[in-house]
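File shown: entry.cif (mmCIF, C-alpha atoms).
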data_entry
loop_
_atom_site.label_atom_id
_atom_site.label_comp_id
_atom_site.auth_asym_id
_atom_site.auth_seq_id
_atom_site.Cartn_x
_atom_site.Cartn_y
_atom_site.Cartn_z
CA MET A 1 -18.54 -20.39 23.07
CA ILE A 2 -18.66 -24.10 23.96
CA ALA A 3 -19.39 -24.93 20.33
CA ALA A 4 -16.33 -22.91 19.29
CA LEU A 5 -14.15 -24.78 21.81
CA LEU A 6 -15.49 -28.12 20.60
CA LEU A 7 -14.69 -27.02 17.07
CA LEU A 8 -11.12 -26.04 18.05
CA ALA A 9 -10.69 -29.44 19.69
CA GLN A 10 -11.04 -31.03 16.26
CA PHE A 11 -7.85 -29.34 14.97
CA PRO A 12 -4.35 -30.76 15.36
CA MET A 13 -3.60 -28.54 18.36
CA ASN A 14 -0.04 -29.72 18.92
CA ARG A 15 1.07 -27.74 15.89
CA MET A 16 -0.81 -24.68 17.10
CA TRP A 17 1.58 -24.38 20.07
CA PHE A 18 4.20 -23.12 17.63
CA ALA A 19 2.09 -20.00 17.13
CA VAL A 20 2.25 -19.06 20.83
CA PRO A 21 5.87 -17.76 20.97
CA LEU A 22 5.30 -15.84 17.75
CA ILE A 23 2.09 -14.22 19.00
CA ILE A 24 3.78 -13.23 22.29
CA SER A 25 6.88 -11.73 20.71
CA VAL A 26 5.06 -10.02 17.84
CA SER A 27 2.48 -8.42 20.15
CA LEU A 28 5.11 -7.29 22.70
CA VAL A 29 7.45 -5.81 20.09
CA TYR A 30 4.60 -4.17 18.16
CA ALA A 31 3.22 -2.63 21.38
CA GLY A 32 6.74 -1.66 22.43
CA THR A 33 7.16 0.46 19.33
CA ARG A 34 3.88 2.24 20.07
CA HIS A 35 4.51 3.27 23.70
CA GLU A 36 7.37 4.14 26.02
CA ALA A 37 6.06 3.11 29.45
CA MET A 38 5.70 -0.55 30.42
CA ARG A 39 2.07 -0.49 31.53
CA PRO A 40 0.64 0.82 28.21
CA ILE A 41 2.98 -1.55 26.36
CA LEU A 42 1.63 -4.58 28.24
CA ARG A 43 -1.97 -3.40 27.88
CA HIS A 44 -1.55 -2.88 24.14
CA ALA A 45 0.30 -6.22 23.82
CA VAL A 46 -2.55 -8.13 25.48
CA SER A 47 -5.17 -6.58 23.20
CA CYS A 48 -2.92 -7.18 20.20
CA ALA A 49 -2.42 -10.84 21.17
CA VAL A 50 -6.16 -11.35 21.63
CA TRP A 51 -6.84 -9.76 18.25
CA MET A 52 -4.23 -11.93 16.50
CA THR A 53 -5.48 -15.12 18.17
CA GLY A 54 -9.03 -14.29 17.13
CA PHE A 55 -7.92 -13.59 13.58
CA ILE A 56 -5.99 -16.87 13.36
CA ALA A 57 -8.97 -18.76 14.82
CA ALA A 58 -11.30 -17.14 12.27
CA ILE A 59 -9.00 -18.11 9.38
CA MET A 60 -8.71 -21.67 10.76
CA LEU A 61 -12.49 -21.90 11.01
CA LEU A 62 -12.88 -20.63 7.46
CA LEU A 63 -10.34 -23.12 6.11
CA TRP A 64 -11.91 -25.93 8.10
CA LEU A 65 -15.35 -25.08 6.71
CA LEU A 66 -14.03 -24.84 3.15
CA GLY A 67 -12.08 -28.08 3.52
CA GLY A 68 -14.85 -29.94 5.31
CA MET B 69 4.52 5.04 35.11
CA SER B 70 1.17 6.37 33.92
CA GLU B 71 0.14 6.89 30.35
CA ASP B 72 0.38 10.66 30.81
CA SER B 73 3.89 10.55 32.17
CA GLU B 74 5.11 8.54 29.16
CA ARG B 75 4.53 11.68 27.15
CA ASN B 76 7.57 13.18 28.85
CA ALA B 77 10.65 13.72 26.76
CA VAL B 78 12.29 10.55 25.45
CA GLU B 79 16.06 10.87 25.32
CA LEU B 80 17.15 9.53 21.93
CA LYS B 81 20.82 10.65 22.22
CA ASN B 82 22.27 10.13 18.75
CA PRO B 83 19.42 8.47 16.79
CA LEU B 84 21.59 7.21 13.94
CA TRP B 85 24.09 5.64 16.31
CA ALA B 86 21.20 4.07 18.28
CA ALA B 87 19.65 2.71 15.06
CA GLY B 88 23.03 1.22 14.07
CA LEU B 89 23.38 -0.49 17.44
CA ALA B 90 19.79 -1.79 17.19
CA LEU B 91 20.69 -3.24 13.81
CA LEU B 92 23.72 -5.04 15.28
CA ILE B 93 21.87 -6.62 18.22
CA PRO B 94 18.10 -6.18 18.85
CA GLY B 95 17.59 -3.84 21.83
CA LEU B 96 21.20 -2.62 22.01
CA GLY B 97 20.23 0.80 20.64
CA HIS B 98 17.67 1.25 23.40
CA LEU B 99 20.19 0.23 26.08
CA TYR B 100 22.56 2.88 24.68
CA GLN B 101 19.76 5.44 24.96
CA GLY B 102 19.09 4.43 28.57
CA ARG B 103 15.67 2.95 27.68
CA TYR B 104 16.62 -0.21 29.54
CA ALA B 105 13.15 -1.76 29.99
CA LYS B 106 12.33 -1.52 26.30
CA GLY B 107 15.82 -2.59 25.28
CA LEU B 108 15.61 -5.75 27.38
CA LEU B 109 12.03 -6.38 26.22
CA PHE B 110 13.07 -6.25 22.56
CA MET B 111 16.19 -8.31 23.22
CA PHE B 112 14.29 -11.05 25.06
CA CYS B 113 11.54 -11.14 22.42
CA ILE B 114 13.51 -11.04 19.18
CA LEU B 115 16.66 -13.05 19.94
CA PRO B 116 14.82 -16.09 21.39
CA THR B 117 12.40 -16.01 18.42
CA PHE B 118 15.36 -16.00 16.04
CA PHE B 119 17.31 -18.75 17.83
CA LEU B 120 14.19 -20.89 18.34
CA GLY B 121 13.59 -20.76 14.59
CA TRP B 122 17.25 -21.35 13.90
CA SER B 123 17.22 -24.43 16.10
CA LEU B 124 13.87 -25.71 14.71
CA GLY B 125 15.44 -25.66 11.25
CA GLY B 126 18.47 -27.64 12.43
CA GLY B 127 20.69 -24.53 12.39
CA LYS B 128 20.41 -24.32 8.59
CA VAL B 129 17.53 -21.97 7.85
CA VAL B 130 19.55 -18.75 7.84
CA TYR B 131 22.88 -19.89 6.46
CA ALA B 132 21.19 -21.90 3.69
CA GLU B 133 19.69 -18.75 2.19
CA PHE B 134 22.59 -17.78 -0.03
CA ARG B 135 23.62 -20.66 -2.19
CA PRO B 136 26.94 -20.78 -4.05
CA VAL B 137 26.48 -19.05 -7.41
CA ARG B 138 28.42 -20.96 -10.05
CA GLY B 139 26.23 -20.22 -13.00
CA PHE B 140 23.42 -17.97 -14.20
CA SER B 141 20.71 -20.47 -13.28
CA ASP B 142 21.93 -20.56 -9.64
CA LEU B 143 20.76 -16.94 -9.26
CA PHE B 144 17.16 -18.16 -9.39
CA GLU B 145 17.75 -20.82 -6.72
CA GLN B 146 18.30 -18.35 -3.85
CA ARG B 147 15.88 -18.31 -0.94
CA TRP B 148 14.74 -14.70 -0.56
CA HIS B 149 13.81 -15.10 3.11
CA TYR B 150 17.19 -13.62 3.90
CA VAL B 151 15.85 -10.19 2.93
CA GLY B 152 13.86 -10.32 6.21
CA GLN B 153 16.32 -12.36 8.27
CA PHE B 154 19.15 -9.87 7.57
CA TRP B 155 17.61 -7.28 9.92
CA VAL B 156 18.23 -9.43 13.02
CA GLY B 157 21.83 -8.25 12.71
CA LEU B 158 24.99 -10.04 13.76
CA PRO B 159 23.46 -13.52 14.20
CA ALA B 160 22.31 -13.53 10.54
CA TRP B 161 25.26 -11.81 8.89
CA PRO B 162 27.64 -14.79 8.61
CA ALA B 163 25.44 -15.91 5.70
CA LEU B 164 26.20 -12.67 3.87
CA VAL B 165 29.91 -12.89 4.66
CA GLN B 166 30.16 -16.43 3.35
CA THR B 167 28.40 -15.37 0.16
CA VAL B 168 30.66 -12.35 -0.42
CA PHE B 169 33.84 -14.37 0.16
CA ASN B 170 32.31 -17.50 -1.41
CA GLU B 171 33.71 -19.56 1.48
CA PRO B 172 31.79 -21.37 4.22
CA LEU B 173 32.45 -19.87 7.66
CA GLY B 174 31.90 -23.05 9.62
CA GLU B 175 32.58 -26.72 9.29
CA ASP B 176 28.91 -27.59 9.14
CA PHE B 177 26.16 -25.39 10.52
CA MET B 178 27.06 -22.12 8.77
CA THR B 179 27.55 -23.61 5.33
CA ALA B 180 25.16 -23.21 2.44
CA PRO B 181 23.83 -26.36 0.76
CA GLU B 182 25.55 -27.80 -2.28
CA PRO B 183 23.53 -28.00 -5.51
CA PRO B 184 21.29 -29.48 -6.83
CA PHE B 185 18.71 -27.56 -4.80
CA GLN B 186 15.57 -29.28 -6.05
CA ALA B 187 14.14 -31.79 -3.59
CA ASN B 188 13.37 -34.31 -6.35
CA GLU B 189 17.03 -34.31 -7.43
CA GLY B 190 18.22 -35.39 -3.99
CA GLY B 191 20.34 -32.35 -3.17
CA GLU B 192 21.93 -31.55 0.19
CA GLU B 193 19.08 -29.27 1.20
CA ALA B 194 16.58 -32.05 0.52
CA ASP B 195 18.43 -34.09 3.17
CA TRP B 196 18.18 -31.25 5.68
CA ILE B 197 14.46 -30.88 5.05
CA GLU B 198 13.97 -34.62 5.30
CA ARG B 199 15.59 -34.62 8.76
CA ALA B 200 13.08 -32.03 10.01
CA PRO B 201 10.22 -31.99 7.47
CA GLU B 202 7.86 -29.48 9.09
CA TYR B 203 10.32 -27.61 11.23
CA TYR B 204 12.54 -26.43 8.39
CA GLU B 205 9.89 -24.09 6.99
CA LEU B 206 8.64 -23.24 10.48
CA GLY B 207 12.18 -22.24 11.47
CA THR B 208 12.41 -20.10 8.35
CA VAL B 209 9.20 -18.29 9.34
CA TYR B 210 10.42 -17.71 12.92
CA THR B 211 13.75 -16.24 11.79
CA LEU B 212 12.06 -14.15 9.10
CA ILE B 213 9.58 -12.66 11.58
CA ALA B 214 12.38 -11.97 14.09
CA GLY B 215 14.18 -9.93 11.41
CA ILE B 216 11.07 -7.96 10.46
CA LEU B 217 10.35 -7.22 14.14
CA ASN B 218 13.86 -5.83 14.58
CA LEU B 219 13.18 -3.49 11.68
CA LEU B 220 10.39 -1.94 13.80
CA VAL B 221 12.81 -1.75 16.75
CA ILE B 222 15.41 0.06 14.61
CA PHE B 223 12.82 2.69 13.68
CA ASP B 224 11.83 3.01 17.36
CA ALA B 225 15.46 3.56 18.35
CA ALA B 226 15.85 6.23 15.67
CA GLY B 227 12.54 8.05 16.05
CA GLY B 228 10.99 7.19 19.40
CA PRO B 229 7.64 5.52 20.05
CA ILE B 230 4.53 6.15 17.96
CA LEU B 231 1.95 6.96 20.60
CA PRO B 232 -1.70 6.79 19.59
CA LEU B 233 -3.02 10.31 19.22
CA ARG B 234 -6.39 10.88 20.80
CA LYS B 235 -8.95 13.08 19.16
CA GLU B 236 -8.82 15.69 21.93
CA GLU B 237 -5.02 15.83 21.70
CA GLU B 238 -5.24 16.47 18.00
CA ASP B 239 -7.79 19.22 18.58
CA ASP B 240 -5.57 20.69 21.29
CA GLU B 241 -2.57 20.69 18.98
CA VAL B 242 -4.53 22.36 16.18
CA ALA B 243 -5.74 25.03 18.62
CA LYS B 244 -2.18 25.65 19.87
CA GLN B 245 -0.89 25.96 16.33
CA GLY B 246 -3.65 28.44 15.56
CA GLU B 247 -2.73 30.52 18.63
CA SER B 248 0.98 30.52 17.87
CA GLY B 249 0.27 31.40 14.23
CA ALA B 250 -1.87 34.36 15.36
CA ALA B 251 0.92 35.51 17.70
CA GLY B 252 3.21 36.02 14.69
CA GLY B 253 4.88 32.77 13.80
CA GLY B 254 4.87 31.34 17.29
CA LYS B 255 7.66 29.60 19.13
CA GLY B 256 9.82 27.20 17.17
CA LYS B 257 10.94 23.88 18.58
CA SER B 258 14.48 23.66 19.87
CA PRO B 259 16.98 21.85 17.62
CA GLY B 260 17.01 18.08 18.06
CA GLU B 261 13.47 18.05 19.51
CA ALA B 262 10.66 16.50 17.55
CA ARG B 263 7.08 15.50 18.25
CA VAL B 264 6.50 11.84 17.44
CA GLY B 265 2.87 10.82 17.86
CA GLY B 266 2.00 12.11 21.33
CA ALA B 267 5.58 12.10 22.67
CA THR B 268 8.28 14.69 22.56
CA THR B 269 11.55 13.08 21.58
CA THR B 270 14.92 14.71 21.99
CA ALA B 271 17.86 13.78 19.81
CA LYS B 272 21.21 14.96 21.17
CA GLY B 273 23.88 15.12 18.54
CA ALA B 274 21.34 14.68 15.74
CA SER B 275 22.95 17.58 13.86
CA ARG B 276 26.32 15.82 14.04
CA ALA B 277 24.92 12.56 12.68
#
As structure tokens - that is how I would like this structure written.
Amino acid sequence: MIAALLLLAQFPMNRMWFAVPLIISVSLVYAGTRHEAMRPILRHAVSCAVWMTGFIAAIMLLLWLLGG
Amino acid sequence: MSEDSERNAVELKNPLWAAGLALLIPGLGHLYQGRYAKGLLFMFCILPTFFLGWSLGGGKVVYAEFRPVRGFSDLFEQRWHYVGQFWVGLPAWPALVQTVFNEPLGEDFMTAPEPPFQANEGGEEADWIERAPEYYELGTVYTLIAGILNLLVIFDAAGGPILPLRKEEEDDEVAKQGESGAAGGGKGKSPGEARVGGATTTAKGASRA
């Protein structure tokens, strides 16, 4: 975990902030089309956001390893 | 509201009318249907995403999509991101209007760039990109994603939510169908009522639409 955080610290993180609004809106809208009530929507949105962040981090790691 | 209670009937009113309103402004179709929480959620997710992208790209990333077509070769210079951006609705449609009438709608921010379009030829668009080198493409991505998200919202307004079906619910439904089939055809669903995922959705006026 700490090694992963140290690895992330090597990336130009300022640019990564632009992904945050997209992840929030995509996960909320995607979850919103799956459920009707707010609680399941928020629960689904959180899991969706975590999944997307993990996926992006994995791709970043892969690109960093290939480019390194 | 619990997860069980969300399986109550969802009032879709006139689904086509709701889908049309959702296409005009994200979330408007849901507000018309009385699904206020979802309508506001969609509105406050999609419109800020679109306008954030629009502002990151200096207000050009949507209205620059359709370039003036003065010759055959100009057809290949269009930016096809507009195919996704279109679905945001009214905020993106001035670009289409200015293309159809071949006239810019605004003094500056709604106008398409003048040719040449290639960056190495020093066209107008190259100047725009130079002013905001990274943000121009980033703004294009934001506006494109906002449009694609509203496409999901339009489908939700027309057909209701897609609830995840659990295994036991599926088994239950199969058993019920088997029982009703054995009873001689079983009960039919009332007009305008449909099962979407795990939810029952009602569409008033669907036959009129």
Quick one: which chain A residues come within 12 Å of chain B, and what is the nearest atom pair for each with the distance in Å to one decimal, counting all atoms listed in the file, rows ordered by chain and ascending number, as a Markdown table?
| residue | atom | partner | partner_atom | distance |
| --- | --- | --- | --- | --- |
| A:Arg15 | CA | B:Glu202 | CA | 9.8 |
| A:Met16 | CA | B:Leu206 | CA | 11.6 |
| A:Trp17 | CA | B:Leu206 | CA | 12.0 |
| A:Phe18 | CA | B:Leu206 | CA | 8.4 |
| A:Ala19 | CA | B:Tyr210 | CA | 9.6 |
| A:Val20 | CA | B:Thr117 | CA | 10.9 |
| A:Pro21 | CA | B:Thr117 | CA | 7.2 |
| A:Leu22 | CA | B:Thr117 | CA | 7.1 |
| A:Ile23 | CA | B:Thr117 | CA | 10.5 |
| A:Ile24 | CA | B:Cys113 | CA | 8.0 |
| A:Ser25 | CA | B:Cys113 | CA | 5.0 |
| A:Val26 | CA | B:Leu217 | CA | 7.0 |
| A:Ser27 | CA | B:Cys113 | CA | 9.7 |
| A:Leu28 | CA | B:Cys113 | CA | 7.5 |
| A:Val29 | CA | B:Phe110 | CA | 6.2 |
| A:Tyr30 | CA | B:Leu220 | CA | 7.6 |
| A:Ala31 | CA | B:Pro229 | CA | 9.4 |
| A:Gly32 | CA | B:Lys106 | CA | 6.8 |
| A:Thr33 | CA | B:Pro229 | CA | 5.1 |
| A:Arg34 | CA | B:Ile230 | CA | 4.5 |
| A:His35 | CA | B:Pro229 | CA | 5.3 |
| A:Glu36 | CA | B:Glu74 | CA | 5.9 |
| A:Ala37 | CA | B:Glu74 | CA | 5.5 |
| A:Met38 | CA | B:Met69 | CA | 7.4 |
| A:Arg39 | CA | B:Met69 | CA | 7.0 |
| A:Pro40 | CA | B:Glu71 | CA | 6.5 |
| A:Ile41 | CA | B:Lys106 | CA | 9.4 |
| A:Leu42 | CA | B:Leu109 | CA | 10.7 |
| A:Arg43 | CA | B:Glu71 | CA | 10.8 |
| A:His44 | CA | B:Pro232 | CA | 10.7 |
| A:Ala45 | CA | B:Leu109 | CA | 12.0 |
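The residues returned by the PyMOL selection byres ((chain B and resi 84-87) around 8) on the shown structure are Leu80, Lys81, Asn82, Pro83, Gly88, Leu89, Ala90, Leu91, Leu96, Gly97, His98, Tyr100, Gln101, Ile222, Phe223, Ala225, Ala226, Ala274 and Ala277 of chain B.
Atom to atom, CA of Ile93 in chain B and CA of Tyr150 in chain B stand 16.6 Å apart.
Atom pair CA of Ala57 in chain A / CA of Thr211 in chain B: separated by 23.1 Å.
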With all atoms listed in the file as the counted atoms, please give the residues lying no more than 10 Å from Ala160 in chain B, apart from itself and same-chain residues fewer than 4 positions off, as a VMD selection string.
chain B and resid 92 118 122 130 to 131 150 153 to 156 164 to 165 178 211 215
Expected file contents, prior selection, C-alpha atoms, as a PDB file, keeping the file's coordinate frame:
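The result, written out as again.pdb:
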ATOM      1  CA  LEU B  92      23.720  -5.040  15.280  1.00  0.00           C
ATOM      2  CA  PHE B 118      15.360 -16.000  16.040  1.00  0.00           C
ATOM      3  CA  TRP B 122      17.250 -21.350  13.900  1.00  0.00           C
ATOM      4  CA  VAL B 130      19.550 -18.750   7.840  1.00  0.00           C
ATOM      5  CA  TYR B 131      22.880 -19.890   6.460  1.00  0.00           C
ATOM      6  CA  TYR B 150      17.190 -13.620   3.900  1.00  0.00           C
ATOM      7  CA  GLN B 153      16.320 -12.360   8.270  1.00  0.00           C
ATOM      8  CA  PHE B 154      19.150  -9.870   7.570  1.00  0.00           C
ATOM      9  CA  TRP B 155      17.610  -7.280   9.920  1.00  0.00           C
ATOM     10  CA  VAL B 156      18.230  -9.430  13.020  1.00  0.00           C
ATOM     11  CA  LEU B 164      26.200 -12.670   3.870  1.00  0.00           C
ATOM     12  CA  VAL B 165      29.910 -12.890   4.660  1.00  0.00           C
ATOM     13  CA  MET B 178      27.060 -22.120   8.770  1.00  0.00           C
ATOM     14  CA  THR B 211      13.750 -16.240  11.790  1.00  0.00           C
ATOM     15  CA  GLY B 215      14.180  -9.930  11.410  1.00  0.00           C
TER      16      GLY B 215
END
For CA of Phe119 in chain B and CA of Asn14 in chain A, determine how far apart the two atoms are, in Å to one decimal place.
20.6 Å
